[in-house]
$ cat final.pdb   # PDB, C-alpha atoms
ATOM      1  CA  MET A   1       0.000   0.000   0.000
ATOM      2  CA  GLU A   2       1.365   3.394  -0.913
ATOM      3  CA  GLU A   3       1.745   5.947   1.811
ATOM      4  CA  ASP A   4      -1.077   8.082   0.460
ATOM      5  CA  SER A   5      -3.622   5.301   0.374
ATOM      6  CA  LEU A   6      -2.541   4.272   3.874
ATOM      7  CA  LYS A   7      -3.350   7.753   5.160
ATOM      8  CA  LYS A   8      -6.788   7.629   3.585
ATOM      9  CA  ASP A   9      -7.472   4.176   5.003
ATOM     10  CA  LYS A  10      -9.514   4.974   8.100
ATOM     11  CA  LEU A  11     -11.587   2.907  10.446
ATOM     12  CA  ILE A  12     -15.072   4.411  10.450
ATOM     13  CA  ILE A  13     -17.430   3.609  13.296
ATOM     14  CA  ALA A  14     -20.753   5.413  13.645
ATOM     15  CA  LYS A  15     -19.470   8.064  11.216
ATOM     16  CA  LYS A  16     -16.388   8.753  13.359
ATOM     17  CA  LYS A  17     -12.996   8.258  11.719
ATOM     18  CA  PHE A  18     -10.022   6.639  13.402
ATOM     19  CA  ASP A  19      -6.469   6.100  12.141
ATOM     20  CA  SER A  20      -5.753   3.163  14.412
ATOM     21  CA  ARG A  21      -7.540  -0.123  13.904
ATOM     22  CA  LEU A  22      -6.458  -1.415  17.279
ATOM     23  CA  ILE A  23      -8.834  -0.926  20.193
ATOM     24  CA  VAL A  24      -7.478  -1.831  23.601
ATOM     25  CA  GLY A  25      -9.055  -2.719  26.899
ATOM     26  CA  THR A  26      -7.951  -1.001  30.097
ATOM     27  CA  GLY A  27      -8.489  -3.906  32.501
ATOM     28  CA  LYS A  28      -6.039  -6.244  34.244
ATOM     29  CA  TYR A  29      -3.076  -3.832  34.393
ATOM     30  CA  LYS A  30      -0.990  -3.636  37.559
ATOM     31  CA  THR A  31      -1.441   0.122  37.796
ATOM     32  CA  MET A  32      -3.230   2.875  35.936
ATOM     33  CA  ALA A  33       0.120   4.356  34.964
ATOM     34  CA  GLU A  34       1.094   1.052  33.341
ATOM     35  CA  CYS A  35      -2.240   0.969  31.523
ATOM     36  CA  ALA A  36      -1.826   4.514  30.218
ATOM     37  CA  LYS A  37       1.698   3.784  28.989
ATOM     38  CA  ALA A  38       0.602   0.590  27.234
ATOM     39  CA  ILE A  39      -2.143   2.537  25.448
ATOM     40  CA  LYS A  40       0.481   4.987  24.190
ATOM     41  CA  PHE A  41       2.600   2.155  22.829
ATOM     42  CA  SER A  42      -0.424   0.546  21.183
ATOM     43  CA  GLY A  43      -1.365   3.736  19.342
ATOM     44  CA  ALA A  44      -5.013   2.984  20.111
ATOM     45  CA  GLU A  45      -7.498   5.827  19.811
ATOM     46  CA  ILE A  46     -10.362   3.924  21.399
ATOM     47  CA  VAL A  47     -10.205   2.184  24.780
ATOM     48  CA  THR A  48     -12.859   0.161  26.530
ATOM     49  CA  VAL A  49     -13.746   1.065  30.106
ATOM     50  CA  ALA A  50     -16.022  -0.479  32.722
ATOM     51  CA  VAL A  51     -18.667   1.234  34.859
ATOM     52  CA  ARG A  52     -18.310   0.487  38.560
ATOM     53  CA  ARG A  53     -19.146   1.920  41.961
ATOM     54  CA  VAL A  54     -16.954   4.741  43.242
ATOM     55  CA  ASN A  55     -14.990   3.647  46.303
ATOM     56  CA  ILE A  56     -16.554   5.919  48.914
ATOM     57  CA  LEU A  57     -14.274   4.703  51.706
ATOM     58  CA  ASN A  58     -11.011   5.616  49.999
ATOM     59  CA  LYS A  59     -11.597   9.134  48.781
ATOM     60  CA  ASN A  60      -8.138   9.613  47.360
ATOM     61  CA  LYS A  61      -8.123   6.590  45.081
ATOM     62  CA  PRO A  62      -6.797   7.576  41.652
ATOM     63  CA  LEU A  63      -9.292   7.863  38.810
ATOM     64  CA  LEU A  64      -8.892   6.415  35.331
ATOM     65  CA  MET A  65      -9.692   9.785  33.806
ATOM     66  CA  ASP A  66      -6.667  11.279  35.568
ATOM     67  CA  TYR A  67      -4.455   8.905  33.590
ATOM     68  CA  ILE A  68      -6.276   8.577  30.288
ATOM     69  CA  ASP A  69      -7.686  11.842  28.986
ATOM     70  CA  PRO A  70     -11.144  11.221  27.503
ATOM     71  CA  LYS A  71     -10.672  14.282  25.310
ATOM     72  CA  LYS A  72      -7.736  12.627  23.556
ATOM     73  CA  ILE A  73      -8.749   8.971  23.693
ATOM     74  CA  THR A  74     -12.280   7.827  22.910
ATOM     75  CA  TYR A  75     -13.757   6.010  25.891
ATOM     76  CA  LEU A  76     -15.881   3.040  24.939
ATOM     77  CA  PRO A  77     -17.957   2.146  28.007
ATOM     78  CA  ASN A  78     -18.732  -1.556  28.224
ATOM     79  CA  THR A  79     -21.242  -3.715  30.049
ATOM     80  CA  ALA A  80     -18.762  -6.279  31.327
ATOM     81  CA  GLY A  81     -20.269  -8.337  34.116
ATOM     82  CA  CYS A  82     -23.844  -7.941  32.874
ATOM     83  CA  PHE A  83     -25.778 -11.155  32.398
ATOM     84  CA  ASN A  84     -29.115  -9.719  31.306
ATOM     85  CA  SER A  85     -30.585  -6.907  29.281
ATOM     86  CA  LYS A  86     -31.809  -4.940  32.304
ATOM     87  CA  ASP A  87     -28.338  -4.668  33.870
ATOM     88  CA  ALA A  88     -26.703  -3.830  30.534
ATOM     89  CA  LEU A  89     -29.194  -1.034  29.853
ATOM     90  CA  ARG A  90     -28.765   0.353  33.358
ATOM     91  CA  THR A  91     -24.976   0.329  32.992
ATOM     92  CA  LEU A  92     -24.905   2.095  29.642
ATOM     93  CA  ARG A  93     -27.482   4.687  30.613
ATOM     94  CA  LEU A  94     -25.279   5.511  33.594
ATOM     95  CA  ALA A  95     -22.217   5.596  31.344
ATOM     96  CA  ARG A  96     -23.935   8.102  29.087
ATOM     97  CA  GLU A  97     -24.762  10.214  32.110
ATOM     98  CA  ILE A  98     -21.127  10.443  33.182
ATOM     99  CA  GLY A  99     -20.319  12.609  30.225
ATOM    100  CA  GLY A 100     -22.432  12.105  27.159
ATOM    101  CA  TRP A 101     -20.961   8.846  25.900
ATOM    102  CA  LYS A 102     -23.138   7.523  23.109
ATOM    103  CA  LEU A 103     -20.681   5.143  21.504
ATOM    104  CA  VAL A 104     -20.755   2.033  23.670
ATOM    105  CA  LYS A 105     -19.741  -1.597  23.709
ATOM    106  CA  LEU A 106     -22.543  -3.973  24.542
ATOM    107  CA  GLU A 107     -21.740  -7.371  25.940
ATOM    108  CA  VAL A 108     -24.327  -9.503  27.658
ATOM    109  CA  LEU A 109     -22.772 -12.687  28.901
ATOM    110  CA  GLY A 110     -24.610 -15.954  29.288
ATOM    111  CA  ASP A 111     -22.282 -18.175  31.267
ATOM    112  CA  LYS A 112     -19.859 -17.344  34.055
ATOM    113  CA  THR A 113     -17.253 -19.921  33.114
ATOM    114  CA  ASN A 114     -16.993 -19.787  29.326
ATOM    115  CA  LEU A 115     -18.111 -16.125  29.129
ATOM    116  CA  PHE A 116     -19.941 -16.692  25.865
ATOM    117  CA  PRO A 117     -22.449 -13.992  24.995
ATOM    118  CA  ASP A 118     -26.177 -14.520  25.517
ATOM    119  CA  MET A 119     -27.236 -13.569  22.016
ATOM    120  CA  ILE A 120     -30.963 -13.430  22.734
ATOM    121  CA  GLU A 121     -30.453 -10.837  25.478
ATOM    122  CA  THR A 122     -27.821  -9.104  23.348
ATOM    123  CA  LEU A 123     -30.179  -8.717  20.376
ATOM    124  CA  LYS A 124     -32.978  -7.380  22.520
ATOM    125  CA  THR A 125     -30.664  -4.868  24.196
ATOM    126  CA  THR A 126     -29.132  -3.692  20.922
ATOM    127  CA  GLU A 127     -32.548  -2.731  19.633
ATOM    128  CA  VAL A 128     -33.454  -0.754  22.769
ATOM    129  CA  LEU A 129     -30.115   1.056  22.807
ATOM    130  CA  ALA A 130     -30.287   1.949  19.112
ATOM    131  CA  ASN A 131     -33.777   3.380  19.673
ATOM    132  CA  GLU A 132     -32.429   5.483  22.537
ATOM    133  CA  GLY A 133     -29.804   7.036  20.280
ATOM    134  CA  PHE A 134     -26.827   4.991  21.414
ATOM    135  CA  ARG A 135     -24.237   3.929  18.847
ATOM    136  CA  VAL A 136     -23.707   0.310  19.732
ATOM    137  CA  MET A 137     -20.708  -1.879  19.093
ATOM    138  CA  VAL A 138     -21.828  -5.387  19.904
ATOM    139  CA  TYR A 139     -19.814  -8.270  21.277
ATOM    140  CA  CYS A 140     -21.206 -11.448  19.777
ATOM    141  CA  ASN A 141     -20.607 -15.044  18.876
ATOM    142  CA  ASP A 142     -18.873 -15.902  15.605
ATOM    143  CA  ASP A 143     -22.279 -16.760  14.195
ATOM    144  CA  PRO A 144     -23.082 -15.213  10.792
ATOM    145  CA  LEU A 145     -26.844 -15.414  11.313
ATOM    146  CA  MET A 146     -26.708 -13.642  14.663
ATOM    147  CA  ALA A 147     -24.343 -11.045  13.213
ATOM    148  CA  LYS A 148     -26.889 -10.304  10.490
ATOM    149  CA  ARG A 149     -29.649 -10.002  13.050
ATOM    150  CA  LEU A 150     -27.556  -7.540  15.035
ATOM    151  CA  GLU A 151     -27.108  -5.435  11.923
ATOM    152  CA  ASN A 152     -30.858  -5.441  11.398
ATOM    153  CA  SER A 153     -31.380  -4.452  15.041
ATOM    154  CA  GLY A 154     -29.389  -1.245  14.635
ATOM    155  CA  ALA A 155     -25.837  -2.180  15.674
ATOM    156  CA  ASP A 156     -23.018   0.123  14.542
ATOM    157  CA  ALA A 157     -20.266  -2.484  14.656
ATOM    158  CA  ILE A 158     -20.189  -6.262  14.867
ATOM    159  CA  MET A 159     -17.631  -7.622  17.313
ATOM    160  CA  PRO A 160     -17.400 -11.391  17.047
ATOM    161  CA  LEU A 161     -15.192 -13.257  19.471
ATOM    162  CA  ALA A 162     -12.078 -15.023  18.234
ATOM    163  CA  ALA A 163     -12.251 -17.365  21.238
ATOM    164  CA  PRO A 164     -13.525 -17.106  24.841
ATOM    165  CA  ILE A 165     -12.636 -13.832  26.623
ATOM    166  CA  GLY A 166      -9.129 -13.877  28.065
ATOM    167  CA  SER A 167      -8.393 -17.365  26.683
ATOM    168  CA  GLY A 168      -5.590 -16.366  24.315
ATOM    169  CA  LEU A 169      -6.597 -19.130  21.900
ATOM    170  CA  GLY A 170      -6.603 -16.956  18.772
ATOM    171  CA  ILE A 171      -9.163 -17.112  15.957
ATOM    172  CA  LEU A 172     -10.900 -20.472  16.166
ATOM    173  CA  ASN A 173     -13.296 -20.155  13.256
ATOM    174  CA  LYS A 174     -11.786 -18.210  10.390
ATOM    175  CA  ILE A 175     -14.495 -19.234   7.947
ATOM    176  CA  ASN A 176     -17.291 -17.830  10.104
ATOM    177  CA  ILE A 177     -15.396 -14.575  10.555
ATOM    178  CA  GLN A 178     -14.963 -14.283   6.786
ATOM    179  CA  ILE A 179     -18.656 -14.948   6.195
ATOM    180  CA  ILE A 180     -19.590 -12.326   8.787
ATOM    181  CA  ARG A 181     -17.233  -9.841   7.101
ATOM    182  CA  LYS A 182     -18.560 -10.583   3.635
ATOM    183  CA  GLN A 183     -22.235 -10.215   4.432
ATOM    184  CA  THR A 184     -22.250  -6.952   6.371
ATOM    185  CA  LYS A 185     -21.683  -3.288   5.575
ATOM    186  CA  LEU A 186     -20.811  -2.617   9.209
ATOM    187  CA  PRO A 187     -17.284  -2.625  10.597
ATOM    188  CA  VAL A 188     -16.287  -6.025  11.968
ATOM    189  CA  ILE A 189     -13.973  -5.887  14.966
ATOM    190  CA  ILE A 190     -12.536  -9.089  16.393
ATOM    191  CA  ASP A 191     -13.146  -8.950  20.123
ATOM    192  CA  ALA A 192     -11.805 -11.343  22.723
ATOM    193  CA  GLY A 193      -9.597 -14.388  22.695
ATOM    194  CA  LEU A 194      -6.473 -13.161  20.918
ATOM    195  CA  GLY A 195      -3.215 -14.374  22.452
ATOM    196  CA  GLN A 196      -0.342 -12.914  20.457
ATOM    197  CA  ALA A 197       0.356 -10.271  17.842
ATOM    198  CA  SER A 198       0.131 -12.655  14.876
ATOM    199  CA  ASP A 199      -3.495 -13.411  15.835
ATOM    200  CA  ALA A 200      -4.254  -9.755  15.141
ATOM    201  CA  THR A 201      -2.520  -9.938  11.765
ATOM    202  CA  ILE A 202      -4.640 -12.957  10.854
ATOM    203  CA  ALA A 203      -7.809 -11.113  11.891
ATOM    204  CA  MET A 204      -6.896  -8.190   9.658
ATOM    205  CA  GLU A 205      -5.947 -10.486   6.769
ATOM    206  CA  LEU A 206      -9.374 -12.094   7.001
ATOM    207  CA  GLY A 207     -10.733  -8.642   6.176
ATOM    208  CA  CYS A 208     -11.728  -7.501   9.634
ATOM    209  CA  ASP A 209     -11.801  -3.756  10.184
ATOM    210  CA  GLY A 210     -10.119  -3.835  13.559
ATOM    211  CA  VAL A 211      -9.306  -5.841  16.659
ATOM    212  CA  LEU A 212      -9.954  -5.329  20.340
ATOM    213  CA  VAL A 213      -7.278  -6.610  22.699
ATOM    214  CA  ASN A 214      -6.991  -6.504  26.463
ATOM    215  CA  THR A 215      -5.575  -9.547  28.243
ATOM    216  CA  ALA A 216      -2.960 -10.400  25.599
ATOM    217  CA  ILE A 217      -1.332  -7.016  26.191
ATOM    218  CA  ALA A 218      -2.071  -6.417  29.878
ATOM    219  CA  LYS A 219      -0.921  -9.865  30.979
ATOM    220  CA  ALA A 220       2.085 -10.211  28.668
ATOM    221  CA  LYS A 221       5.422 -10.353  30.475
ATOM    222  CA  LYS A 222       6.280  -7.040  28.826
ATOM    223  CA  PRO A 223       3.002  -5.183  28.237
ATOM    224  CA  PHE A 224       4.552  -2.147  26.511
ATOM    225  CA  GLU A 225       6.491  -4.232  24.022
ATOM    226  CA  MET A 226       3.412  -6.395  23.393
ATOM    227  CA  ALA A 227       1.295  -3.274  22.860
ATOM    228  CA  LEU A 228       3.759  -2.151  20.194
ATOM    229  CA  ALA A 229       3.797  -5.643  18.666
ATOM    230  CA  PHE A 230      -0.005  -5.583  18.357
ATOM    231  CA  LYS A 231       0.116  -2.117  16.820
ATOM    232  CA  ASN A 232       2.534  -3.293  14.149
ATOM    233  CA  ALA A 233       0.665  -6.573  13.663
ATOM    234  CA  VAL A 234      -2.601  -4.771  12.947
ATOM    235  CA  VAL A 235      -0.912  -2.440  10.444
ATOM    236  CA  ALA A 236       0.847  -5.384   8.763
ATOM    237  CA  GLY A 237      -2.367  -7.382   8.530
ATOM    238  CA  ARG A 238      -4.318  -4.489   7.101
ATOM    239  CA  GLN A 239      -1.640  -3.703   4.528
ATOM    240  CA  SER A 240      -1.462  -7.356   3.578
ATOM    241  CA  TYR A 241      -5.245  -7.592   3.178
ATOM    242  CA  CYS A 242      -5.416  -4.427   1.076
ATOM    243  CA  SER A 243      -2.514  -5.570  -1.104
ATOM    244  CA  GLY A 244      -4.345  -8.624  -2.475
ATOM    245  CA  ARG A 245      -2.731 -11.905  -1.625
ATOM    246  CA  ILE A 246      -1.741 -14.473  -4.265
ATOM    247  CA  SER A 247      -3.951 -17.470  -4.811
ATOM    248  CA  LYS A 248      -3.012 -20.775  -3.237
ATOM    249  CA  THR A 249      -1.763 -23.662  -5.390
ATOM    250  CA  LEU A 250      -1.171 -27.263  -4.482
ATOM    251  CA  MET A 251       2.130 -27.576  -6.331
ATOM    252  CA  GLY A 252       5.278 -25.424  -6.306
ATOM    253  CA  ASN A 253       5.847 -22.544  -8.695
ATOM    254  CA  PRO A 254       9.504 -21.504  -9.135
ATOM    255  CA  SER A 255      10.363 -17.925  -8.319
ATOM    256  CA  SER A 256      13.344 -17.804 -10.702
ATOM    257  CA  PRO A 257      12.893 -18.038 -14.518
ATOM    258  CA  THR A 258      13.132 -21.575 -15.864
ATOM    259  CA  GLU A 259      14.473 -20.274 -19.191
ATOM    260  CA  GLY A 260      18.202 -19.993 -19.704
ATOM    261  CA  ILE A 261      19.144 -22.520 -17.083
ATOM    262  CA  ILE A 262      22.736 -23.656 -17.722
TER     263      ILE A 262
ATOM    264  CA  MET B   1     -32.238  17.106  63.933
ATOM    265  CA  LYS B   2     -33.470  13.640  63.141
ATOM    266  CA  LYS B   3     -30.983  11.241  61.628
ATOM    267  CA  ILE B   4     -31.829   8.713  58.925
ATOM    268  CA  LYS B   5     -30.152   5.682  57.424
ATOM    269  CA  ILE B   6     -29.511   5.544  53.699
ATOM    270  CA  LYS B   7     -27.446   3.242  51.513
ATOM    271  CA  VAL B   8     -24.619   4.584  49.374
ATOM    272  CA  ASN B   9     -22.973   2.124  46.990
ATOM    273  CA  GLY B  10     -24.300  -0.748  49.054
ATOM    274  CA  LYS B  11     -23.056   0.610  52.390
ATOM    275  CA  PHE B  12     -25.200   2.052  55.170
ATOM    276  CA  LYS B  13     -24.675   5.685  55.961
ATOM    277  CA  THR B  14     -26.312   7.962  58.507
ATOM    278  CA  VAL B  15     -27.241  11.452  57.418
ATOM    279  CA  LEU B  16     -29.548  14.195  58.650
ATOM    280  CA  ASN B  17     -33.150  13.869  57.551
ATOM    281  CA  ASN B  18     -33.902  16.145  54.594
ATOM    282  CA  SER B  19     -30.234  16.938  54.031
ATOM    283  CA  LYS B  20     -29.333  17.589  50.437
ATOM    284  CA  LEU B  21     -27.815  15.078  48.050
ATOM    285  CA  SER B  22     -25.288  17.738  47.053
ATOM    286  CA  ASP B  23     -24.064  17.913  50.668
ATOM    287  CA  LEU B  24     -23.544  14.164  50.746
ATOM    288  CA  LEU B  25     -21.561  14.313  47.493
ATOM    289  CA  LYS B  26     -19.423  17.118  48.854
ATOM    290  CA  ASN B  27     -18.894  15.172  52.043
ATOM    291  CA  LEU B  28     -17.731  12.114  50.149
ATOM    292  CA  LYS B  29     -15.491  14.298  47.937
ATOM    293  CA  ILE B  30     -17.151  12.949  44.799
ATOM    294  CA  PRO B  31     -15.740  14.482  41.567
ATOM    295  CA  ILE B  32     -19.184  15.222  40.143
ATOM    296  CA  LYS B  33     -18.031  15.664  36.549
ATOM    297  CA  LYS B  34     -16.569  12.166  36.482
ATOM    298  CA  VAL B  35     -19.493  10.194  37.916
ATOM    299  CA  ALA B  36     -23.123   9.285  37.321
ATOM    300  CA  ILE B  37     -25.639   9.047  40.137
ATOM    301  CA  GLU B  38     -28.710   6.918  40.669
ATOM    302  CA  LEU B  39     -31.283   7.576  43.366
ATOM    303  CA  ASN B  40     -33.532   4.596  44.012
ATOM    304  CA  GLN B  41     -32.682   3.107  40.609
ATOM    305  CA  GLU B  42     -33.371   6.312  38.704
ATOM    306  CA  ILE B  43     -30.601   8.320  37.118
ATOM    307  CA  ILE B  44     -30.607  11.856  38.409
ATOM    308  CA  ASP B  45     -29.467  15.033  36.737
ATOM    309  CA  LYS B  46     -26.212  15.845  38.549
ATOM    310  CA  LYS B  47     -26.897  19.559  38.268
ATOM    311  CA  ARG B  48     -30.028  19.097  40.312
ATOM    312  CA  SER B  49     -28.377  17.406  43.310
ATOM    313  CA  ASN B  50     -28.870  20.690  45.154
ATOM    314  CA  ASN B  51     -32.645  20.284  44.979
ATOM    315  CA  ILE B  52     -32.811  16.669  46.077
ATOM    316  CA  LYS B  53     -33.480  15.983  49.741
ATOM    317  CA  LEU B  54     -32.518  12.635  51.202
ATOM    318  CA  LYS B  55     -35.120  10.426  52.816
ATOM    319  CA  LYS B  56     -35.039   7.323  54.985
ATOM    320  CA  ASN B  57     -33.941   4.175  53.136
ATOM    321  CA  ASP B  58     -32.867   6.026  49.998
ATOM    322  CA  LYS B  59     -30.518   3.976  47.885
ATOM    323  CA  ILE B  60     -27.816   5.898  46.092
ATOM    324  CA  GLU B  61     -25.388   4.544  43.545
ATOM    325  CA  ILE B  62     -22.409   6.601  42.447
ATOM    326  CA  VAL B  63     -20.461   5.114  39.542
ATOM    327  CA  HIS B  64     -17.462   6.035  37.441
ATOM    328  CA  PHE B  65     -15.212   4.519  34.808
ATOM    329  CA  ILE B  66     -12.521   2.054  35.740
ATOM    330  CA  GLY B  67     -10.249  -0.187  33.707
ATOM    331  CA  GLY B  68     -12.073  -2.904  31.791
ATOM    332  CA  GLY B  69     -11.920  -4.975  28.612
TER     333      GLY B  69
END
$ encode --input "final.pdb" --output "structure tokens"
Amino acid sequence: MEEDSLKKDKLIIAKKKFDSRLIVGTGKYKTMAECAKAIKFSGAEIVTVAVRRVNILNKNKPLLMDYIDPKKITYLPNTAGCFNSKDALRTLRLAREIGGWKLVKLEVLGDKTNLFPDMIETLKTTEVLANEGFRVMVYCNDDPLMAKRLENSGADAIMPLAAPIGSGLGILNKINIQIIRKQTKLPVIIDAGLGQASDATIAMELGCDGVLVNTAIAKAKKPFEMALAFKNAVVAGRQSYCSGRISKTLMGNPSSPTEGII
Amino acid sequence: MKKIKIKVNGKFKTVLNNSKLSDLLKNLKIPIKKVAIELNQEIIDKKRSNNIKLKKNDKIEIVHFIGGG
């Protein structure tokens, strides 16, 4: 990809343009300072955040907003820990109230051990949120039919899992991801389950519009270096996808001319 | 003045009857711009916390953003 076309190649979500196709989570870091530094290394412009009770006993506890400036980095409030539509709606309405956040990440989980999404609750909630003016990025199963239903329910981005949250297994069903990508006009962001930078490259080479990574960076032995690795991996994957790969053949095809061999 | 029990973020707290929500927030040193507040499961307009008087058994939730994936 030439430099010019790379500059024009933006991730567009709910009409907002982003240069980086890597979204990072802000959970599981040792400290907020470490989290903020990892975000810098990752180059991410969007970060997911959770909504939780303020600690009223420790009044001097540091706040996330003191480390990550919401004017510079887009906060994407999530509904992590919600297992039904009612809790998810409550969480995101509160998130909006904190400071006008309309772009949100919806995840309604169905099982506490495998953390797979409850797609029936997720669908229902997407529709309500879209009607309330939210711009909803939806965590979902790698199920093409459900992804289509989400699109019809007013989602702004489809975020299929690569593998269970925090599992580090990488993309388990490449075919489904490709089908989801092919059938929708919405951005497709791989969310959850990536383990290493090459997983992100594969996601981008499958045609995905972005990836969301938390655990693989936060829990790496060297989070800053891993954040940089993911940044580069996403760029490499995107460039590779846009450059048009060669077709696969069963047999070999020599790279050097066969004519003029001595 | 009569004292009442309310719940703030799941913890019991004793305040003066009819005291203002804004006083409670000040007391707890809550950075108002960085939180959202629910009173008995209903989101309240933070700017109006001055006009809200606390009553017995009120349940208040004060939330903010923390790290999450």
$ residues_around --input "final.pdb" --residues "Met1 (chain B)" --least-positions-apart "2" --cutoff "8 Å" --atoms "only C-alpha atoms" --output "list in words"
Lys3, Leu16 and Asn17 of chain B
$ resolve_selection --input "final.pdb" --expression "the PyMOL selection byres ((chain A and resi 170) around 12)" --output "VMD selection string"
chain A and resid 161 to 169 171 to 174 190 to 203 211 213 216
$ residues_around --input "final.pdb" --residues "region 233-238 of chain A" --least-positions-apart "6" --cutoff "12 Å" --atoms "only C-alpha atoms" --output "JSON, numbers by chain"
{"A": [1, 5, 6, 7, 9, 10, 11, 19, 20, 21, 22, 23, 42, 43, 44, 189, 190, 196, 197, 198, 199, 200, 201, 202, 203, 204, 205, 206, 207, 208, 209, 210, 211, 212, 213, 226, 227, 244, 245]}
$ residues_around --input "final.pdb" --residues "region 24-33 of chain B" --least-positions-apart "3" --cutoff "9 Å" --atoms "all atoms listed in the file" --output "ChimeraX atom specification"
/A:54,56-57,59-60,98-99 /B:15,19-21,36-37,46,49,62
$ closest_residue --input "final.pdb" --among "B:Lys11, B:Asn50, B:Asn18, B:Ile4" --to "chain A" --atoms "all atoms listed in the file"
B:Lys11
